[in-house]
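Peer 1: I am attaching a structure below and will ask some questions about it afterwards.
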Amino acid sequence: MSKVLLIDIGGTNLRYAYSDGDFSSLNETNKIQLSCIKGFDEILTNLTKEKDVDSLVISVAGPKINGSITMTNRDFSINEQDIKNTFKFKSCHLLNDWESIGHSLAAYESSDIAIIKDGTKFNENSFFIGPGTGLGAALLIGDDNVIPTEIGNTTGLTKALLKNYAIDNADHFRTLEDVLSGKAISDIYEYKTGQRLSSEDIVQRYGSDDEMANYIIDGFIKSLAETISDMALTFIAGRGIYIAGGLIRSIFQIMDKEKFIEYFYGDKKLVHLQILEMIKIGIVEKEHACLHGNLNFYKKHINKA
């Protein structure tokens with residue numbers, strides 16, 4: 001029986017899984033640390049050897065241009081046609097990682113989404129955002145049309161959000177992901193204290209006597225709420241805003257949800273406040289969102305074929 005190989009190449013790890021039959025589930029899910037990767041072709045050879053893989057869907061952290069993706073945070077490029085020709089796949093699809101996450105929504109049960117704020121659906125627009133190694137985002141229109149973005153590398157909100165960390169020097173923090181990502185948490189903590197810690201360690205210190213860790217995580221939570229408030233109005237996300245990634249799953253356990261909603265509303269005018277009040281905000285709790293998105297994309301593709 002033929003199989004589809006699903007791969008997600010992120011800033012830290014390569015994750016993969018297989019699926020076959022009715023393509024309803026992920027099998028043999030695993031990950032490889034990117035520091036161990038010497039050559040992608042060699043890895044792909046090992047993953048397809050003796051597996052009867054005839055199709056491949058890859059999601060990669062970076063913008064897709066003319067069938068190719070060059071990673072934003074790593075020296076790595078990939079082209080879907082080259083991969084298809086080299087490995088003789090029946091089909092090969094290359095997706096931006098947040099394009100993939102947009103396609104994952106249909107794979108979730110209600111129990112897979114933790115609700116920060118309920119809402120009332122008023123159109124078919126869903127917005128996905130996730131602070132991780134960088135900051136990714138995508139707009140899903142209906143169930144099939146996903147528009148990935150490079151919001152993390154924009155600069156318009158940065159100066160305003162730096163106030164949440166009491167930072168005046170914007171030279172070191174230029175893009176949105178410089179102030180709203182896991183790396184941003186580490187960078188800002190180091191900027192403030194001279195000590196380098198991982199974002200995971202800083203989150204774990206929240207609520208302790210490390211006042212700077214508390215201050216930075218509070219600033220991060222406020223920055224996230226203010227950012228998705230602007231994104232909600234930019235994309236009129238009447239089907240909801242969904243925040244994904246391991247970092248936000250950890251922060252969700254410790255954050256003040258009512259304060260987050262207060263930050264989300266901000267000082268918006270009445271008509272815009274009424275829009276925000278209707279918009280649901282959820283946390284994607286299901287792991288391997290990109291792999292599920294890759295599989296859902298593949299199912300849509302074979303159904304259209």
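How things are named: the first chain in the structure tokens is A, the next is B, and so on; residues count from 1 in each chain; ligands count from 1 in the order shown.
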Mind running segment 94-199 of chain A against segment 70-87 of chain A at 12 Å and telling me each contacting residue's nearest atom pair with the distance in Å (one decimal), counting only C-alpha atoms, chain and number ascending, as JSON lines?
Peer 2:
```
{"residue": "A:Leu94", "atom": "CA", "partner": "A:Glu80", "partner_atom": "CA", "distance": 5.6}
{"residue": "A:Leu95", "atom": "CA", "partner": "A:Glu80", "partner_atom": "CA", "distance": 9.2}
{"residue": "A:Asn96", "atom": "CA", "partner": "A:Met71", "partner_atom": "CA", "distance": 9.6}
{"residue": "A:Asp97", "atom": "CA", "partner": "A:Met71", "partner_atom": "CA", "distance": 10.3}
{"residue": "A:Gly132", "atom": "CA", "partner": "A:Asn73", "partner_atom": "CA", "distance": 11.6}
{"residue": "A:Thr133", "atom": "CA", "partner": "A:Asn73", "partner_atom": "CA", "distance": 8.3}
{"residue": "A:Gly134", "atom": "CA", "partner": "A:Asn73", "partner_atom": "CA", "distance": 7.9}
{"residue": "A:Leu135", "atom": "CA", "partner": "A:Thr72", "partner_atom": "CA", "distance": 10.6}
{"residue": "A:Gly136", "atom": "CA", "partner": "A:Thr72", "partner_atom": "CA", "distance": 10.7}
{"residue": "A:Glu150", "atom": "CA", "partner": "A:Thr72", "partner_atom": "CA", "distance": 9.8}
{"residue": "A:Gly152", "atom": "CA", "partner": "A:Thr72", "partner_atom": "CA", "distance": 10.3}
{"residue": "A:Asn153", "atom": "CA", "partner": "A:Thr72", "partner_atom": "CA", "distance": 9.4}
{"residue": "A:Glu177", "atom": "CA", "partner": "A:Asn73", "partner_atom": "CA", "distance": 11.5}
{"residue": "A:Lys183", "atom": "CA", "partner": "A:Asn73", "partner_atom": "CA", "distance": 11.1}
```
Peer 1: Would you give me, as a PyMOL selection string, the residues in segment 53-186 of chain A that DSSP reads as helix (DSSP H, G or I)?
Peer 2: chain A and resi 80-87+97-103+105-107+110-112+151-153+158-165+176-178+182-186
Peer 1: Those same residues - C-alpha atoms - I'd like them written as a short mmCIF file (atom, residue, chain, number, x, y, z; two decimals), in the first residue's frame.
Peer 2:
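Contents of out11.cif, freshly written:
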```cif
data_model
loop_
_atom_site.label_atom_id
_atom_site.label_comp_id
_atom_site.auth_asym_id
_atom_site.auth_seq_id
_atom_site.Cartn_x
_atom_site.Cartn_y
_atom_site.Cartn_z
CA GLU A 80 9.49 20.99 -4.68
CA GLN A 81 10.07 20.15 -8.34
CA ASP A 82 13.71 19.21 -7.73
CA ILE A 83 12.68 16.90 -4.90
CA LYS A 84 9.92 15.33 -7.01
CA ASN A 85 12.29 14.68 -9.91
CA THR A 86 15.13 13.35 -7.77
CA PHE A 87 13.02 10.90 -5.77
CA ASP A 97 4.81 26.16 7.77
CA TRP A 98 1.97 28.55 8.61
CA GLU A 99 0.20 27.70 5.38
CA SER A 100 0.26 24.14 6.71
CA ILE A 101 -1.06 25.19 10.13
CA GLY A 102 -3.93 26.98 8.40
CA HIS A 103 -4.85 23.71 6.70
CA LEU A 105 -7.96 23.52 11.44
CA ALA A 106 -10.22 20.88 9.87
CA ALA A 107 -8.26 18.16 11.68
CA SER A 110 -13.29 20.96 19.93
CA SER A 111 -11.17 19.39 22.69
CA ASP A 112 -8.02 20.27 20.73
CA ILE A 151 4.15 39.32 9.66
CA GLY A 152 7.01 38.32 11.96
CA ASN A 153 9.43 40.25 9.77
CA THR A 158 7.79 47.00 17.14
CA LYS A 159 8.32 50.41 18.71
CA ALA A 160 4.89 50.40 20.34
CA LEU A 161 5.43 46.93 21.81
CA LEU A 162 8.89 47.78 23.16
CA LYS A 163 7.09 49.97 25.71
CA ASN A 164 5.71 46.78 27.26
CA TYR A 165 9.29 45.84 28.14
CA LEU A 176 7.86 42.10 15.22
CA GLU A 177 9.43 38.73 16.00
CA ASP A 178 12.29 40.56 17.74
CA GLY A 182 10.65 32.63 22.05
CA LYS A 183 13.93 34.10 20.87
CA ALA A 184 12.63 37.57 21.79
CA ILE A 185 12.02 36.45 25.38
CA SER A 186 15.63 35.24 25.62
#
```
Peer 1: May I ask which of the residues A:Lys280, A:Lys90, A:Lys300, A:Arg15 is the closest one to Val53 of chain A, counting only C-alpha atoms?
Peer 2: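 The answer is A:Lys90, which sits nearest to Val53 of chain A.
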Peer 1: DSSP says strand (DSSP E or B) for which residues of segment 15-132 of chain A? Put them as a PyMOL selection string?
Peer 2: chain A and resi 15-19+27-33+53-60+64-65+68-70+77-79+91-96+113-117+125-131
Peer 1: Using N, CA and C atoms, can you write the selected residues to a file as a short mmCIF file (atom, residue, chain, number, x, y, z; two decimals), in the first residue's frame?
Peer 2:
```cif
data_model
loop_
_atom_site.label_atom_id
_atom_site.label_comp_id
_atom_site.auth_asym_id
_atom_site.auth_seq_id
_atom_site.Cartn_x
_atom_site.Cartn_y
_atom_site.Cartn_z
N ARG A 15 10.37 17.30 11.96
CA ARG A 15 9.41 16.29 12.40
C ARG A 15 8.83 15.59 11.19
N TYR A 16 8.52 14.31 11.36
CA TYR A 16 7.96 13.58 10.23
C TYR A 16 6.97 12.53 10.70
N ALA A 17 6.14 12.09 9.76
CA ALA A 17 5.18 11.02 10.02
C ALA A 17 4.77 10.45 8.67
N TYR A 18 4.12 9.29 8.71
CA TYR A 18 3.59 8.66 7.51
C TYR A 18 2.08 8.53 7.65
N SER A 19 1.40 8.36 6.51
CA SER A 19 -0.02 8.07 6.55
C SER A 19 -0.39 7.26 5.31
N ASN A 27 1.17 8.22 11.47
CA ASN A 27 1.83 7.02 11.97
C ASN A 27 3.33 7.24 12.05
N GLU A 28 3.95 6.60 13.02
CA GLU A 28 5.42 6.62 13.18
C GLU A 28 5.96 8.04 13.32
N THR A 29 5.26 8.88 14.05
CA THR A 29 5.69 10.27 14.23
C THR A 29 7.01 10.32 14.99
N ASN A 30 7.93 11.15 14.51
CA ASN A 30 9.24 11.24 15.14
C ASN A 30 9.86 12.59 14.80
N LYS A 31 11.02 12.89 15.38
CA LYS A 31 11.70 14.14 15.07
C LYS A 31 13.21 13.93 15.02
N ILE A 32 13.87 14.82 14.31
CA ILE A 32 15.32 14.83 14.18
C ILE A 32 15.78 16.25 14.49
N GLN A 33 16.75 16.40 15.37
CA GLN A 33 17.28 17.73 15.66
C GLN A 33 18.01 18.28 14.45
N VAL A 53 6.80 4.86 -0.24
CA VAL A 53 6.30 6.24 -0.24
C VAL A 53 6.21 6.73 -1.68
N ASP A 54 5.02 7.18 -2.08
CA ASP A 54 4.90 7.71 -3.44
C ASP A 54 4.55 9.20 -3.47
N SER A 55 4.26 9.77 -2.29
CA SER A 55 3.92 11.19 -2.24
C SER A 55 4.55 11.84 -1.01
N LEU A 56 4.80 13.13 -1.13
CA LEU A 56 5.50 13.86 -0.07
C LEU A 56 4.85 15.23 0.09
N VAL A 57 4.64 15.63 1.35
CA VAL A 57 4.22 17.00 1.66
C VAL A 57 5.18 17.53 2.71
N ILE A 58 5.84 18.65 2.40
CA ILE A 58 6.84 19.24 3.29
C ILE A 58 6.39 20.65 3.67
N SER A 59 6.42 20.95 4.94
CA SER A 59 6.21 22.33 5.39
C SER A 59 7.53 22.86 5.93
N VAL A 60 7.84 24.10 5.59
CA VAL A 60 9.14 24.70 5.92
C VAL A 60 8.92 26.12 6.41
N LYS A 64 7.36 30.96 0.54
CA LYS A 64 7.44 30.15 -0.68
C LYS A 64 7.39 31.07 -1.88
N ILE A 65 8.42 31.00 -2.71
CA ILE A 65 8.51 31.82 -3.92
C ILE A 65 8.83 30.90 -5.09
N SER A 68 9.88 27.32 -4.31
CA SER A 68 11.05 27.14 -3.47
C SER A 68 10.87 27.88 -2.15
N ILE A 69 11.50 27.35 -1.10
CA ILE A 69 11.52 28.03 0.20
C ILE A 69 12.96 28.09 0.68
N THR A 70 13.38 29.28 1.05
CA THR A 70 14.65 29.48 1.75
C THR A 70 14.29 29.82 3.19
N SER A 77 17.70 25.72 1.70
CA SER A 77 16.73 25.99 0.64
C SER A 77 16.24 24.67 0.07
N ILE A 78 14.99 24.69 -0.42
CA ILE A 78 14.40 23.48 -0.96
C ILE A 78 13.44 23.85 -2.09
N ASN A 79 13.40 23.02 -3.14
CA ASN A 79 12.53 23.25 -4.29
C ASN A 79 11.69 21.99 -4.52
N SER A 91 3.65 12.71 -6.35
CA SER A 91 3.35 14.11 -6.07
C SER A 91 4.25 14.61 -4.95
N CYS A 92 4.60 15.88 -5.03
CA CYS A 92 5.41 16.51 -4.00
C CYS A 92 4.90 17.93 -3.83
N HIS A 93 4.56 18.28 -2.59
CA HIS A 93 4.01 19.59 -2.30
C HIS A 93 4.82 20.27 -1.20
N LEU A 94 5.18 21.50 -1.45
CA LEU A 94 5.97 22.29 -0.51
C LEU A 94 5.09 23.42 0.02
N LEU A 95 4.97 23.50 1.35
CA LEU A 95 4.13 24.52 1.98
C LEU A 95 4.95 25.35 2.95
N ASN A 96 4.62 26.62 3.05
CA ASN A 96 5.09 27.41 4.18
C ASN A 96 4.52 26.80 5.46
N ILE A 113 -8.80 22.56 21.08
CA ILE A 113 -8.67 24.01 21.16
C ILE A 113 -9.07 24.46 22.57
N ALA A 114 -8.13 25.07 23.29
CA ALA A 114 -8.43 25.66 24.60
C ALA A 114 -8.90 27.10 24.37
N ILE A 115 -10.02 27.45 24.92
CA ILE A 115 -10.63 28.75 24.64
C ILE A 115 -10.18 29.79 25.67
N ILE A 116 -9.58 30.87 25.18
CA ILE A 116 -9.31 32.04 26.02
C ILE A 116 -10.56 32.90 26.09
N LYS A 117 -11.22 33.03 24.96
CA LYS A 117 -12.39 33.92 24.87
C LYS A 117 -13.35 33.35 23.84
N ASN A 125 -13.37 33.85 7.94
CA ASN A 125 -11.94 34.13 8.09
C ASN A 125 -11.42 33.65 9.44
N SER A 126 -10.38 32.80 9.40
CA SER A 126 -9.68 32.35 10.62
C SER A 126 -8.24 32.81 10.53
N PHE A 127 -7.74 33.35 11.62
CA PHE A 127 -6.36 33.83 11.63
C PHE A 127 -5.54 33.00 12.61
N PHE A 128 -4.37 32.53 12.15
CA PHE A 128 -3.47 31.72 12.96
C PHE A 128 -2.17 32.50 13.20
N ILE A 129 -1.68 32.43 14.44
CA ILE A 129 -0.42 33.09 14.77
C ILE A 129 0.31 32.27 15.81
N GLY A 130 1.62 32.30 15.78
CA GLY A 130 2.37 31.51 16.75
C GLY A 130 3.78 32.01 16.98
N PRO A 131 4.07 32.44 18.21
CA PRO A 131 5.44 32.80 18.57
C PRO A 131 6.23 31.56 18.94
#
```
Peer 1: With distances taken over only C-alpha atoms, which of A:Ala170, A:Ala244, A:Val203, A:Leu276 is nearest to Glu262 of chain A?
Peer 2: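 Among the listed residues, A:Leu276 lies closest to Glu262 of chain A.
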Peer 1: Quick one: of A:Thr120, A:Asp171, A:Tyr191, A:Pro63, who's nearest to Pro148 of chain A, counting only C-alpha atoms?
Peer 2: A:Pro63
